[in-house]
Every structure is written in C-alpha cells, then in structure tokens.
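Just my_file_27.cif here, mmCIF, C-alpha atoms and all ligand atoms:
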```
data_query
loop_
_atom_site.label_atom_id
_atom_site.label_comp_id
_atom_site.auth_asym_id
_atom_site.auth_seq_id
_atom_site.Cartn_x
_atom_site.Cartn_y
_atom_site.Cartn_z
CA MET A 2 95.37 126.14 86.13
CA ASN A 3 98.38 125.44 83.98
CA LEU A 4 99.91 122.22 85.22
CA CYS A 5 103.51 121.09 84.94
CA VAL A 6 103.79 117.36 85.54
CA ILE A 7 107.22 116.16 86.61
CA ALA A 8 107.82 112.41 86.41
CA SER A 9 110.73 110.01 86.34
CA GLY A 10 109.16 106.83 85.09
CA LYS A 11 106.09 105.20 83.71
CA GLY A 12 103.77 108.16 84.01
CA SER A 13 100.53 106.28 84.57
CA ASN A 14 99.38 109.13 86.82
CA LEU A 15 100.23 111.59 84.04
CA LYS A 16 98.00 109.57 81.71
CA ALA A 17 95.19 109.66 84.29
CA ILE A 18 95.52 113.43 84.65
CA ILE A 19 95.47 113.96 80.88
CA LYS A 20 92.37 111.77 80.67
CA ALA A 21 90.75 113.80 83.47
CA THR A 22 91.33 116.99 81.47
CA GLU A 23 89.78 115.38 78.38
CA LYS A 24 86.75 114.23 80.37
CA LYS A 25 86.53 117.68 81.97
CA ILE A 26 86.83 116.18 85.45
CA ILE A 27 89.33 118.97 85.98
CA ASP A 28 89.52 122.35 84.25
CA SER A 29 93.30 122.52 84.42
CA LYS A 30 95.55 121.60 81.50
CA VAL A 31 98.90 119.84 81.44
CA VAL A 32 100.95 122.40 79.54
CA VAL A 33 104.38 120.84 79.97
CA VAL A 34 105.87 117.55 81.14
CA ILE A 35 109.38 117.44 82.54
CA SER A 36 111.44 114.36 83.29
CA ASN A 37 114.94 113.72 84.56
CA ASN A 38 114.84 110.50 82.56
CA SER A 39 115.10 110.94 78.78
CA GLY A 40 113.71 107.43 78.17
CA SER A 41 110.71 107.76 80.47
CA GLU A 42 107.30 106.68 79.28
CA ALA A 43 106.02 109.95 80.75
CA LEU A 44 107.85 111.95 78.06
CA GLN A 45 106.52 109.62 75.35
CA THR A 46 102.99 110.08 76.66
CA ALA A 47 103.43 113.84 76.58
CA ARG A 48 104.63 113.75 72.97
CA GLN A 49 101.74 111.51 71.94
CA ASN A 50 99.39 114.09 73.44
CA LYS A 51 101.18 117.00 71.78
CA ILE A 52 102.28 118.37 75.14
CA PRO A 53 105.82 119.83 75.28
CA ALA A 54 108.05 117.08 76.72
CA ILE A 55 111.28 118.27 78.25
CA HIS A 56 114.20 116.24 79.50
CA LEU A 57 115.80 118.16 82.35
CA SER A 58 118.31 116.49 84.60
CA ALA A 59 120.61 118.02 87.20
CA LYS A 60 123.31 115.77 85.72
CA LEU A 61 123.33 117.95 82.61
CA PHE A 62 124.32 121.02 84.62
CA ALA A 63 127.58 121.92 86.31
CA ALA A 64 125.83 122.98 89.49
CA GLN A 65 122.48 122.41 91.18
CA ALA A 66 121.80 126.17 91.07
CA GLU A 67 122.01 126.10 87.26
CA PHE A 68 119.52 123.25 87.11
CA ASP A 69 117.21 125.12 89.48
CA SER A 70 117.28 128.25 87.40
CA ALA A 71 116.61 126.27 84.19
CA LEU A 72 113.62 124.69 85.89
CA LEU A 73 112.38 128.05 87.22
CA ASN A 74 112.68 129.53 83.72
CA LEU A 75 110.55 126.74 82.29
CA LEU A 76 107.93 127.14 85.00
CA LYS A 77 107.79 130.84 84.22
CA LYS A 78 107.75 130.32 80.46
CA TYR A 79 104.75 127.98 80.68
CA LYS A 80 103.01 130.18 83.29
CA ILE A 81 102.68 127.27 85.68
CA ASP A 82 100.12 127.52 88.46
CA LEU A 83 100.60 124.04 89.91
CA ILE A 84 103.52 121.60 89.80
CA VAL A 85 102.31 118.02 89.91
CA LEU A 86 104.91 115.47 90.94
CA ALA A 87 103.98 112.07 89.56
CA GLY A 88 106.62 109.53 90.40
CA TYR A 89 109.45 112.05 90.47
CA LEU A 90 112.28 110.36 92.30
CA LYS A 91 114.35 113.48 92.98
CA LYS A 92 113.93 116.15 95.59
CA LEU A 93 113.13 119.67 94.44
CA SER A 94 115.50 122.32 95.78
CA PRO A 95 114.34 124.56 98.63
CA ILE A 96 114.45 127.52 96.24
CA ILE A 97 111.78 125.92 94.01
CA VAL A 98 109.71 124.79 96.98
CA LYS A 99 109.81 128.28 98.45
CA ARG A 100 108.97 130.01 95.17
CA TYR A 101 106.04 127.62 94.56
CA LYS A 102 104.81 127.32 98.14
CA ASN A 103 101.44 125.51 98.22
CA LYS A 104 101.71 125.12 94.47
CA ILE A 105 103.50 121.77 94.36
CA ILE A 106 101.70 118.51 95.02
CA ASN A 107 102.82 114.90 95.21
CA ILE A 108 101.13 111.52 95.36
CA HIS A 109 102.37 108.76 97.64
CA PRO A 110 101.14 105.15 97.61
CA ALA A 111 100.64 104.82 101.37
CA LEU A 112 98.91 106.56 104.24
CA LEU A 113 101.29 109.35 105.19
CA PRO A 114 102.76 110.28 107.61
CA ASP A 115 103.54 106.55 107.82
CA PHE A 116 105.62 104.72 105.25
CA GLY A 117 107.06 107.81 103.62
CA GLY A 118 110.39 109.58 103.53
CA GLU A 119 113.61 109.25 101.61
CA GLY A 120 114.03 105.96 99.77
CA MET A 121 110.39 104.96 100.29
CA PHE A 122 109.13 104.38 96.79
CA GLY A 123 107.81 101.57 94.62
CA LEU A 124 107.40 98.08 96.03
CA LYS A 125 109.49 98.97 99.08
CA VAL A 126 106.57 101.00 100.41
CA HIS A 127 104.05 98.20 99.99
CA GLN A 128 106.40 95.57 101.43
CA ALA A 129 106.95 97.75 104.50
CA VAL A 130 103.20 98.16 104.97
CA ILE A 131 102.63 94.40 104.69
CA ASP A 132 105.56 93.63 107.02
CA SER A 133 104.11 96.02 109.60
CA GLY A 134 101.03 93.83 109.88
CA ASN A 135 98.73 96.78 109.12
CA LYS A 136 95.33 95.82 107.83
CA ILE A 137 94.84 98.98 105.81
CA SER A 138 96.86 100.98 103.36
CA GLY A 139 96.01 103.75 100.97
CA VAL A 140 97.03 106.70 98.89
CA THR A 141 97.93 110.25 99.93
CA VAL A 142 98.04 113.46 97.93
CA HIS A 143 99.89 116.23 99.73
CA PHE A 144 101.53 119.58 99.26
CA VAL A 145 105.30 119.43 98.95
CA ASP A 146 107.51 121.19 101.45
CA GLU A 147 111.23 120.96 102.13
CA GLU A 148 111.03 117.44 103.57
CA TYR A 149 110.18 114.21 101.77
CA ASP A 150 106.48 113.30 102.11
CA LYS A 151 105.88 115.69 105.01
CA GLY A 152 103.73 118.50 103.54
CA LYS A 153 100.08 119.19 104.35
CA ILE A 154 97.74 116.38 103.30
CA ILE A 155 95.09 117.26 100.71
CA LEU A 156 93.35 113.92 100.25
CA GLN A 157 93.69 110.31 101.38
CA LYS A 158 91.90 107.15 100.38
CA LYS A 159 92.11 103.93 102.36
CA ILE A 160 91.73 100.31 101.31
CA ASN A 161 91.73 97.06 103.24
CA ILE A 162 94.71 94.82 102.73
CA LYS A 163 93.58 91.36 101.69
CA LYS A 164 94.65 88.21 103.49
CA ASN A 165 97.94 86.92 102.00
CA GLU A 166 98.18 90.00 99.76
CA ASP A 167 101.66 90.66 98.38
CA ALA A 168 103.37 93.95 97.57
CA VAL A 169 102.79 93.58 93.81
CA SER A 170 99.05 93.12 94.17
CA LEU A 171 98.78 95.93 96.71
CA GLU A 172 100.71 98.27 94.42
CA LYS A 173 98.44 97.38 91.51
CA ARG A 174 95.23 97.99 93.46
CA LEU A 175 96.51 101.25 94.92
CA ARG A 176 97.73 102.51 91.55
CA ARG A 177 94.16 102.35 90.25
CA ILE A 178 93.08 104.47 93.21
CA GLU A 179 95.89 106.93 92.55
CA HIS A 180 94.52 107.51 89.07
CA LYS A 181 91.17 108.58 90.55
CA ILE A 182 92.35 110.49 93.56
CA TYR A 183 95.05 112.62 91.88
CA PRO A 184 92.58 114.38 89.53
CA GLU A 185 90.19 114.70 92.50
CA ALA A 186 92.87 116.49 94.50
CA ILE A 187 93.56 118.84 91.59
CA ARG A 188 89.83 119.51 91.42
CA LEU A 189 89.82 120.42 95.12
CA ILE A 190 92.65 122.89 94.56
CA GLU A 191 90.80 124.35 91.56
CA ASP A 192 87.68 124.78 93.69
CA GLY A 193 89.71 126.35 96.48
CA ILE A 194 91.17 128.85 94.07
CA LYS A 195 87.73 129.58 92.64
CA GLY A 196 86.33 129.87 96.15
CA SER A 197 88.85 132.45 97.22
CA SER A 198 88.66 134.60 94.09
C1 LIG B 1 103.13 106.14 92.07
O1 LIG B 1 102.95 104.99 92.82
C2 LIG B 1 103.15 107.35 92.96
O2 LIG B 1 102.36 107.20 94.10
C3 LIG B 1 104.60 107.44 93.35
O3 LIG B 1 105.30 107.05 92.19
C4 LIG B 1 104.50 106.18 91.40
C5 LIG B 1 104.44 106.76 90.02
O4 LIG B 1 103.76 105.93 89.13
N1 LIG B 1 104.94 108.76 93.81
P1 LIG B 1 103.53 106.39 87.62
O5 LIG B 1 104.87 106.77 87.04
O6 LIG B 1 102.58 107.54 87.64
O7 LIG B 1 102.94 105.20 86.94
#
```
Please render this file's structure as structure tokens.
Ligand code: GRF
Amino acid sequence: MNLCVIASGKGSNLKAIIKATEKKIIDSKVVVVISNNSGSEALQTARQNKIPAIHLSAKLFAAQAEFDSALLNLLKKYKIDLIVLAGYLKKLSPIIVKRYKNKIINIHPALLPDFGGEGMFGLKVHQAVIDSGNKISGVTVHFVDEEYDKGKIILQKKINIKKNEDAVSLEKRLRRIEHKIYPEAIRLIEDGIKGSS
C-alpha cells in the first residue's frame, strides 16, 4: 500500500513506520508525509529519508473546503491507499473521512473507548488514566470516522501501570509500544487486503 503519514509533531511513530518498511515488517511504503506544522520533526524525518515532505495547513487557505481539496489532490497524486495519522492534532473533514472510509487509521496512547476524544492528547491522557486509579493502560490503533477516537478498533495492547508511576514515565513506556503496534496494525490491514483479493 502507498501510505501517507500525517503528523503535527515529533514523528517518532513515522520513524518507526519507516524502519518497519526497511526491515520488511510491512510491505507498504511511506510515499508522502504531510504536516500542518512547517517546523515539525516529522517533515525533517521525511526529508532525511528522501520522502516528499509537504507542509499543508488550513491556515494557508481562505476556506476549509480549499484545504480539503488540496489535501484530496495530494492523496490522489500519490495514489494513497492508507492515510496514517501519527500525532496529527487536527480533525480531518467529513469529506476526507467519507472519501477514504476504512482507509484512515490513528494511534491513541490509551485504551479506547476510554480516555479519548477532543483535547485528549499528550500527557493529559496519561494523567487522566493515573488520576482514574486504573491499574492498566495501553495503546489503541483504530480506523478514523467522523468523531474523535471513536472508529473501529484494529489493535490494542495493554500494560500494567506501575506503583507511583507518573504521566511522563507512562507516556515513555507506551510510546515504545506504539512503535511496535502501529506497524503491526498496518501489517494486519495489508493481510486483510491480500486475503480479500
Ligand atoms: C503518540 O502518542 C500518538 O499516540 C498520539 O500522538 C503521539 C504522536 O507521537 N496520537 P509522535 O509524534 O509519533 O512521536
């Protein structure tokens, strides 16, 4: 599959996916990386790997519809089979979600359907999990639909929360799991596509 990774920040998941393509853990290739943040490490990583790195922000367009059509054009141009959201802090428009139904995935650093939704990102998620008194947390990869963090779950991995663990340590441990589970989820989708062809 041709993957388009969309990221706003650090892009450690992007790095993990690129590595998984190099190690042939997945057959898919990252053919373009898009970010709403021109200074994001994700774009730098893309450039270092000779992958087209495109800064595309709704702020650069007069209307949301113009941004959406620019994004759709790029997805078409690069013949994208799967859109991989990796720390993308914006919501994709319903028009994109509809056009790419079951072809957009996201990773969330908690066990959805809990601890997700608008505004739940970064350390806030882990702090909320710890404050809840839960003894386990985890990572979820899911399809994206019109609502934040609500689409069908593809894969989850759980871990035990340690005694006196803080949000920073939990985030760090879960991030390592994200890097394993995201390529695994892409592999599952690849196999599904193979299986049905
Ligand atoms: C990850 O924790 C991911 O679960 C969430 O955003 C973060 C992105 O991290 N959706 P990175 O930019 O891939 O390092």
Test item: residues lying within 8 Å of ligand LIG 1 (chain B) with all atoms listed in the file, as a ChimeraX atom specification: /A:8-16,43,86-90,107-111,122-123,140-141,172,175-176,179
The selected residues should be written to file as a PDB file, keeping the file's coordinate frame (atoms: C-alpha atoms).
```pdb
ATOM      1  CA  ALA A   8     107.820 112.410  86.410  1.00  0.00           C
ATOM      2  CA  SER A   9     110.730 110.010  86.340  1.00  0.00           C
ATOM      3  CA  GLY A  10     109.160 106.830  85.090  1.00  0.00           C
ATOM      4  CA  LYS A  11     106.090 105.200  83.710  1.00  0.00           C
ATOM      5  CA  GLY A  12     103.770 108.160  84.010  1.00  0.00           C
ATOM      6  CA  SER A  13     100.530 106.280  84.570  1.00  0.00           C
ATOM      7  CA  ASN A  14      99.380 109.130  86.820  1.00  0.00           C
ATOM      8  CA  LEU A  15     100.230 111.590  84.040  1.00  0.00           C
ATOM      9  CA  LYS A  16      98.000 109.570  81.710  1.00  0.00           C
ATOM     10  CA  ALA A  43     106.020 109.950  80.750  1.00  0.00           C
ATOM     11  CA  LEU A  86     104.910 115.470  90.940  1.00  0.00           C
ATOM     12  CA  ALA A  87     103.980 112.070  89.560  1.00  0.00           C
ATOM     13  CA  GLY A  88     106.620 109.530  90.400  1.00  0.00           C
ATOM     14  CA  TYR A  89     109.450 112.050  90.470  1.00  0.00           C
ATOM     15  CA  LEU A  90     112.280 110.360  92.300  1.00  0.00           C
ATOM     16  CA  ASN A 107     102.820 114.900  95.210  1.00  0.00           C
ATOM     17  CA  ILE A 108     101.130 111.520  95.360  1.00  0.00           C
ATOM     18  CA  HIS A 109     102.370 108.760  97.640  1.00  0.00           C
ATOM     19  CA  PRO A 110     101.140 105.150  97.610  1.00  0.00           C
ATOM     20  CA  ALA A 111     100.640 104.820 101.370  1.00  0.00           C
ATOM     21  CA  PHE A 122     109.130 104.380  96.790  1.00  0.00           C
ATOM     22  CA  GLY A 123     107.810 101.570  94.620  1.00  0.00           C
ATOM     23  CA  VAL A 140      97.030 106.700  98.890  1.00  0.00           C
ATOM     24  CA  THR A 141      97.930 110.250  99.930  1.00  0.00           C
ATOM     25  CA  GLU A 172     100.710  98.270  94.420  1.00  0.00           C
ATOM     26  CA  LEU A 175      96.510 101.250  94.920  1.00  0.00           C
ATOM     27  CA  ARG A 176      97.730 102.510  91.550  1.00  0.00           C
ATOM     28  CA  GLU A 179      95.890 106.930  92.550  1.00  0.00           C
TER      29      GLU A 179
END
```
Show which residues sit within 6 Å of His180 of chain A, as JSON, numbers by chain. Count all atoms listed in the file, and ignore same-chain residues fewer than 2 positions away. {"A": [14, 17, 177, 178, 182, 183]}
Which distance in Å separates atom CA of Val32 of chain A and atom CA of Lys99 of chain A, to one decimal?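 So the two atoms, atom CA of Val32 of chain A and atom CA of Lys99 of chain A, lie 21.7 Å apart.
For the atom pair formed by atom CA of Asn161 of chain A and atom CA of Gly118 of chain A, the distance is 22.5 Å, given to one decimal.
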Which residue, A:Ala66, A:Asp82, A:Thr22, A:Thr46, has the smallest gap to Asn3 of chain A when you use all atoms listed in the file?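 Ranked by minimum distance to Asn3 of chain A, first place goes to A:Asp82.
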Can you tell me, as an mmCIF file with C-alpha atoms, in the coordinates of the input, what residues are no more than 9 Å from segment 93-98 of chain A when counting all atoms listed in the file, ignoring any on the same chain fewer than 4 positions away?
```cif
data_model
loop_
_atom_site.group_PDB
_atom_site.id
_atom_site.type_symbol
_atom_site.label_atom_id
_atom_site.label_comp_id
_atom_site.auth_asym_id
_atom_site.auth_seq_id
_atom_site.Cartn_x
_atom_site.Cartn_y
_atom_site.Cartn_z
ATOM 1 C CA GLN A 65 122.480 122.410 91.180
ATOM 2 C CA ALA A 66 121.800 126.170 91.070
ATOM 3 C CA ASP A 69 117.210 125.120 89.480
ATOM 4 C CA SER A 70 117.280 128.250 87.400
ATOM 5 C CA LEU A 72 113.620 124.690 85.890
ATOM 6 C CA LEU A 73 112.380 128.050 87.220
ATOM 7 C CA LYS A 102 104.810 127.320 98.140
ATOM 8 C CA ASN A 103 101.440 125.510 98.220
ATOM 9 C CA LYS A 104 101.710 125.120 94.470
ATOM 10 C CA ILE A 105 103.500 121.770 94.360
ATOM 11 C CA VAL A 145 105.300 119.430 98.950
ATOM 12 C CA ASP A 146 107.510 121.190 101.450
ATOM 13 C CA GLU A 147 111.230 120.960 102.130
#
```
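Neighbouring residues of His56 of chain A at 7 Å or closer, counting only C-alpha atoms and skipping chain neighbours under 4 positions away, are Ile35, Ser36, Asn37, Asn38 and Ser39 of chain A.
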Around segment 62-80 of chain A, fit a box with edges along x, y and z, padding it by 5 Å on each side, then list its centre and edge lengths in Å to one decimal as JSON.
```
{"center_x": 115.3, "center_y": 125.9, "center_z": 85.8, "size_x": 34.6, "size_y": 19.8, "size_z": 20.7}
```
Hey, what's within 12 Å of Ile27 of chain A if we count only C-alpha atoms and toss same-chain stuff fewer than 3 positions away? As a count of residues only, please? 25
Can you measure atom CA of His143 of chain A to atom CA of Gln157 of chain A for me? One decimal in Å is fine. 8.7 Å
Counting only C-alpha atoms, which of A:Ala71, A:Ala168, A:Ile7, A:Lys153 gets nearest to Ser41 of chain A?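 Comparing A:Ala71, A:Ala168, A:Ile7, A:Lys153 against Ser41 of chain A, the winner is A:Ile7.
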From the list A:Tyr149, A:Leu156, A:Val169, A:Glu42, which residue is nearest Ala54 of chain A when using all atoms listed in the file?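 With all atoms listed in the file as the atom set, the closest residue is A:Glu42.
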